[in-house]
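For reference, the structure discussed in these notes is given below.
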Amino acid sequence: MAGTSSKGKSRSLIKSLILIRRNSKVTYGAIAYLTALVLSAAVLTIYPPRSRIIGYADPLLPPSPQHPLGTDILGREILALLAEATINSTVIGLIAATIGTLAGSIIGFLSGYYGGKIDYVLRILTDVFLSVPSLLFLILISSLVRTVTIVQMGLLIALFAWSWPARQVRAQALSLKERDFIYLSELSGESRLEIILREMMPHMIPWMTANFVNAFISAILTEAGLSILGLGPQTEMTLGILLWWPLNNAAIYRGLWWWWLPPVVALIYLFFTLYIVQLGITEIINPRSKVI
């Protein structure tokens, strides 16, 4: 019985991954996002590191063949800064989305399947984190930390990114544990942890993937918001910090469009590509939601 059940779950997992890979929206959105990362990496290999250092060129130069996106008030190459910012913002999104989705899913499975006192404690903890204004606490924590690095920013955002997936996974675990295949797995002698990892989790892979993409989007936008307030990783460039500089120096009112427009376009582009991926995964989870 255990072997048959495990094979069934393996087939379910493989089927979910195939559906995700074959969905056109997921494919095109992922390719578009990866293209931005590849181009960013290529730009960083072309431009020397000193192009992102103060005094590389004359300040506030407009776009030209020598400086495709111009320079900022410190004489730094905006194109090189944009490439670095895109990669760093992606790293922040990956850290926050990965930790938030995995931690939230594990807490949700433990809470829903184990029940009893474990469920009570984890549910209270989840409700507390859901009820607190996360942005307010992120602003407070960021303001108390003297220097925030890329990794630290990702960890700070992940601190509040696990509660929503924990609530959703718990609800699904409460339903799954009443299914016949879970009962058969228990009779076959599988441990509770094995049942969670091998029997329950494959059913939640599409949803966990959708939550990962959603958390990815949220983390990038949250970092941008914090950085615009001056609470981002000041020693490293991100899309939010790249926006903070022109806003702090009134670039919009001074007509320096080449300084503030590139990070805005980059944020919109990254958001759009990830949103297309999320739409594709939503179609897999709920085929009735398919519009095009």
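FYI, nothing fancy with the structure tokens labels: chains A, B, ... in order, residues from 1 per chain, ligands from 1 as they appear.
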
With only C-alpha atoms counted and 7 Å as the cut-off, give the residues of range 117-169 of chain A in contact with range 98-101 of chain A, each with its shortest interatomic distance in Å and the pair that gives it, as a Markdown table.
```
| residue | atom | partner | partner_atom | distance |
| --- | --- | --- | --- | --- |
| A:Ala158 | CA | A:Gly100 | CA | 5.1 |
| A:Ala161 | CA | A:Gly100 | CA | 4.7 |
| A:Trp162 | CA | A:Gly100 | CA | 4.1 |
| A:Pro165 | CA | A:Thr101 | CA | 6.4 |
```

Report task. Just list the residues in range 102-290 of chain A DSSP gives helix (DSSP H, G or I) on the backbone, as a PyMOL selection string. Result -> chain A and resi 102-114+116-131+134-144+150-158+163-176+180-187+192-228+239-248+257-285+287-289

Those residues you just picked out, can you put them in a file as a compact mmCIF listing (two decimals), in the first residue's frame with C-alpha atoms?
```txt
# COMPACT_ATOMS: atom_id res chain seq x y z
CA LEU A 102 9.14 27.09 2.98
CA ALA A 103 8.81 28.23 6.59
CA GLY A 104 5.13 29.07 6.19
CA SER A 105 4.38 25.76 4.46
CA ILE A 106 6.19 23.70 7.10
CA ILE A 107 4.42 25.53 9.94
CA GLY A 108 1.09 25.11 8.17
CA PHE A 109 1.57 21.38 7.63
CA LEU A 110 2.68 20.81 11.22
CA SER A 111 -0.21 22.84 12.59
CA GLY A 112 -2.89 21.26 10.41
CA TYR A 113 -1.72 17.65 10.57
CA TYR A 114 -0.55 17.34 14.17
CA GLY A 116 -3.82 19.59 19.48
CA LYS A 117 -1.42 21.82 21.42
CA ILE A 118 0.98 22.14 18.48
CA ASP A 119 -1.83 23.46 16.31
CA TYR A 120 -2.97 25.83 19.06
CA VAL A 121 0.48 27.37 19.59
CA LEU A 122 1.34 27.65 15.89
CA ARG A 123 -2.09 29.04 15.03
CA ILE A 124 -1.80 31.74 17.71
CA LEU A 125 1.70 32.63 16.48
CA THR A 126 0.45 32.82 12.89
CA ASP A 127 -2.52 35.01 13.83
CA VAL A 128 -0.23 37.40 15.73
CA PHE A 129 2.03 37.88 12.69
CA LEU A 130 -1.00 38.27 10.42
CA SER A 131 -2.50 40.95 12.64
CA SER A 134 4.35 44.33 8.82
CA LEU A 135 5.44 47.47 6.95
CA LEU A 136 5.44 49.49 10.17
CA PHE A 137 7.62 46.92 11.92
CA LEU A 138 9.95 46.68 8.92
CA ILE A 139 10.39 50.46 9.00
CA LEU A 140 11.08 50.33 12.74
CA ILE A 141 13.58 47.45 12.49
CA SER A 142 15.35 48.93 9.46
CA SER A 143 15.70 52.29 11.20
CA LEU A 144 17.28 50.60 14.24
CA ILE A 150 21.24 42.69 0.79
CA VAL A 151 20.98 39.42 2.74
CA GLN A 152 19.76 41.17 5.89
CA MET A 153 17.08 43.00 3.93
CA GLY A 154 15.87 39.71 2.46
CA LEU A 155 15.78 38.13 5.92
CA LEU A 156 13.88 41.10 7.39
CA ILE A 157 11.19 40.84 4.71
CA ALA A 158 11.03 37.04 5.14
CA SER A 163 2.35 33.89 8.12
CA TRP A 164 0.00 34.01 5.12
CA PRO A 165 1.21 30.74 3.52
CA ALA A 166 1.11 29.13 6.99
CA ARG A 167 -2.58 29.97 7.30
CA GLN A 168 -3.42 28.70 3.81
CA VAL A 169 -1.39 25.48 4.08
CA ARG A 170 -2.91 24.70 7.49
CA ALA A 171 -6.39 24.84 5.98
CA GLN A 172 -5.35 22.45 3.20
CA ALA A 173 -3.60 20.11 5.66
CA LEU A 174 -6.79 19.87 7.74
CA SER A 175 -8.59 18.67 4.63
CA LEU A 176 -5.86 16.36 3.34
CA ASP A 180 -8.07 7.80 2.53
CA PHE A 181 -4.49 7.79 1.25
CA ILE A 182 -3.32 9.51 4.45
CA TYR A 183 -5.11 6.89 6.52
CA LEU A 184 -3.45 4.12 4.48
CA SER A 185 -0.04 5.74 4.95
CA GLU A 186 -0.57 5.81 8.70
CA LEU A 187 -1.54 2.14 8.69
CA ARG A 192 4.15 11.87 10.56
CA LEU A 193 7.05 13.75 9.02
CA GLU A 194 7.18 11.28 6.12
CA ILE A 195 3.46 11.69 5.56
CA ILE A 196 3.82 15.48 5.44
CA LEU A 197 6.79 15.42 3.05
CA ARG A 198 5.85 12.46 0.83
CA GLU A 199 2.05 12.43 0.89
CA MET A 200 0.76 15.95 1.56
CA MET A 201 3.36 18.28 0.11
CA PRO A 202 3.17 17.05 -3.53
CA HIS A 203 -0.50 18.09 -3.58
CA MET A 204 0.50 21.64 -2.62
CA ILE A 205 3.37 22.17 -5.07
CA PRO A 206 1.37 24.34 -7.56
CA TRP A 207 -0.01 26.48 -4.73
CA MET A 208 3.41 26.81 -3.08
CA THR A 209 4.88 27.87 -6.43
CA ALA A 210 2.18 30.51 -6.86
CA ASN A 211 2.81 31.79 -3.34
CA PHE A 212 6.57 31.88 -4.03
CA VAL A 213 6.04 34.12 -7.07
CA ASN A 214 3.62 36.34 -5.16
CA ALA A 215 6.09 36.64 -2.25
CA PHE A 216 8.85 37.39 -4.78
CA ILE A 217 6.86 40.31 -6.18
CA SER A 218 5.95 41.56 -2.73
CA ALA A 219 9.57 41.40 -1.50
CA ILE A 220 10.92 43.45 -4.42
CA LEU A 221 8.23 46.10 -3.99
CA THR A 222 8.67 46.15 -0.19
CA GLU A 223 12.41 46.69 -0.54
CA ALA A 224 11.76 49.49 -3.00
CA GLY A 225 9.35 51.15 -0.58
CA LEU A 226 11.75 50.88 2.35
CA SER A 227 14.67 52.14 0.28
CA ILE A 228 12.71 55.15 -0.98
CA LEU A 239 16.16 49.33 -7.48
CA GLY A 240 14.76 51.07 -4.42
CA ILE A 241 18.06 52.81 -3.63
CA LEU A 242 18.44 53.71 -7.29
CA LEU A 243 15.07 55.48 -6.99
CA TRP A 244 15.97 57.09 -3.66
CA TRP A 245 18.87 59.05 -5.14
CA PRO A 246 16.90 61.00 -7.80
CA LEU A 247 13.92 61.51 -5.49
CA ASN A 248 16.21 62.84 -2.77
CA TRP A 257 14.41 62.09 -16.61
CA TRP A 258 17.28 59.71 -17.42
CA TRP A 259 18.09 59.49 -13.69
CA TRP A 260 14.69 58.41 -12.32
CA LEU A 261 13.02 56.76 -15.34
CA PRO A 262 15.25 53.63 -15.73
CA PRO A 263 14.58 52.20 -12.22
CA VAL A 264 10.86 52.91 -12.61
CA VAL A 265 10.77 51.07 -15.94
CA ALA A 266 12.82 48.22 -14.46
CA LEU A 267 10.43 47.80 -11.52
CA ILE A 268 7.42 47.81 -13.84
CA TYR A 269 9.09 45.28 -16.14
CA LEU A 270 10.03 42.89 -13.33
CA PHE A 271 6.58 43.19 -11.79
CA PHE A 272 4.88 42.52 -15.13
CA THR A 273 6.97 39.43 -15.95
CA LEU A 274 6.43 37.92 -12.48
CA TYR A 275 2.72 38.74 -12.68
CA ILE A 276 2.48 36.85 -15.98
CA VAL A 277 4.14 33.85 -14.31
CA GLN A 278 1.67 34.06 -11.44
CA LEU A 279 -1.26 34.16 -13.87
CA GLY A 280 0.01 30.99 -15.54
CA ILE A 281 0.34 29.14 -12.24
CA THR A 282 -3.14 30.32 -11.22
CA GLU A 283 -4.52 28.79 -14.43
CA ILE A 284 -2.93 25.47 -13.46
CA ILE A 285 -4.43 25.55 -9.97
CA PRO A 287 -8.37 26.04 -14.93
CA ARG A 288 -11.63 28.02 -14.85
CA SER A 289 -9.64 31.21 -14.26
```

Query raised in the report: Looking at only C-alpha atoms, which of A:Thr149, A:Thr35, A:Asn286, A:Gln234 is the one that sits closest to Ala83 in chain A?
Result: A:Thr35

Query - One-decimal distance in Å that lies between CA of Pro65 in chain A and CA of Thr45 in chain A - result: 17.8 Å

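Of the residues listed (A:Leu69, A:Ala80, A:Leu94, A:Ala32), A:Ala80 shows the shortest atom-to-atom separation from Arg52 in chain A; distances use only C-alpha atoms.
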
**Report entry** Residue neighbourhood Tyr47 in chain A, 10 Å, only C-alpha atoms, exclusion window fewer than 3 positions, as a ChimeraX atom specification
**Finding:** /A:42-44,50-52,77,79-80
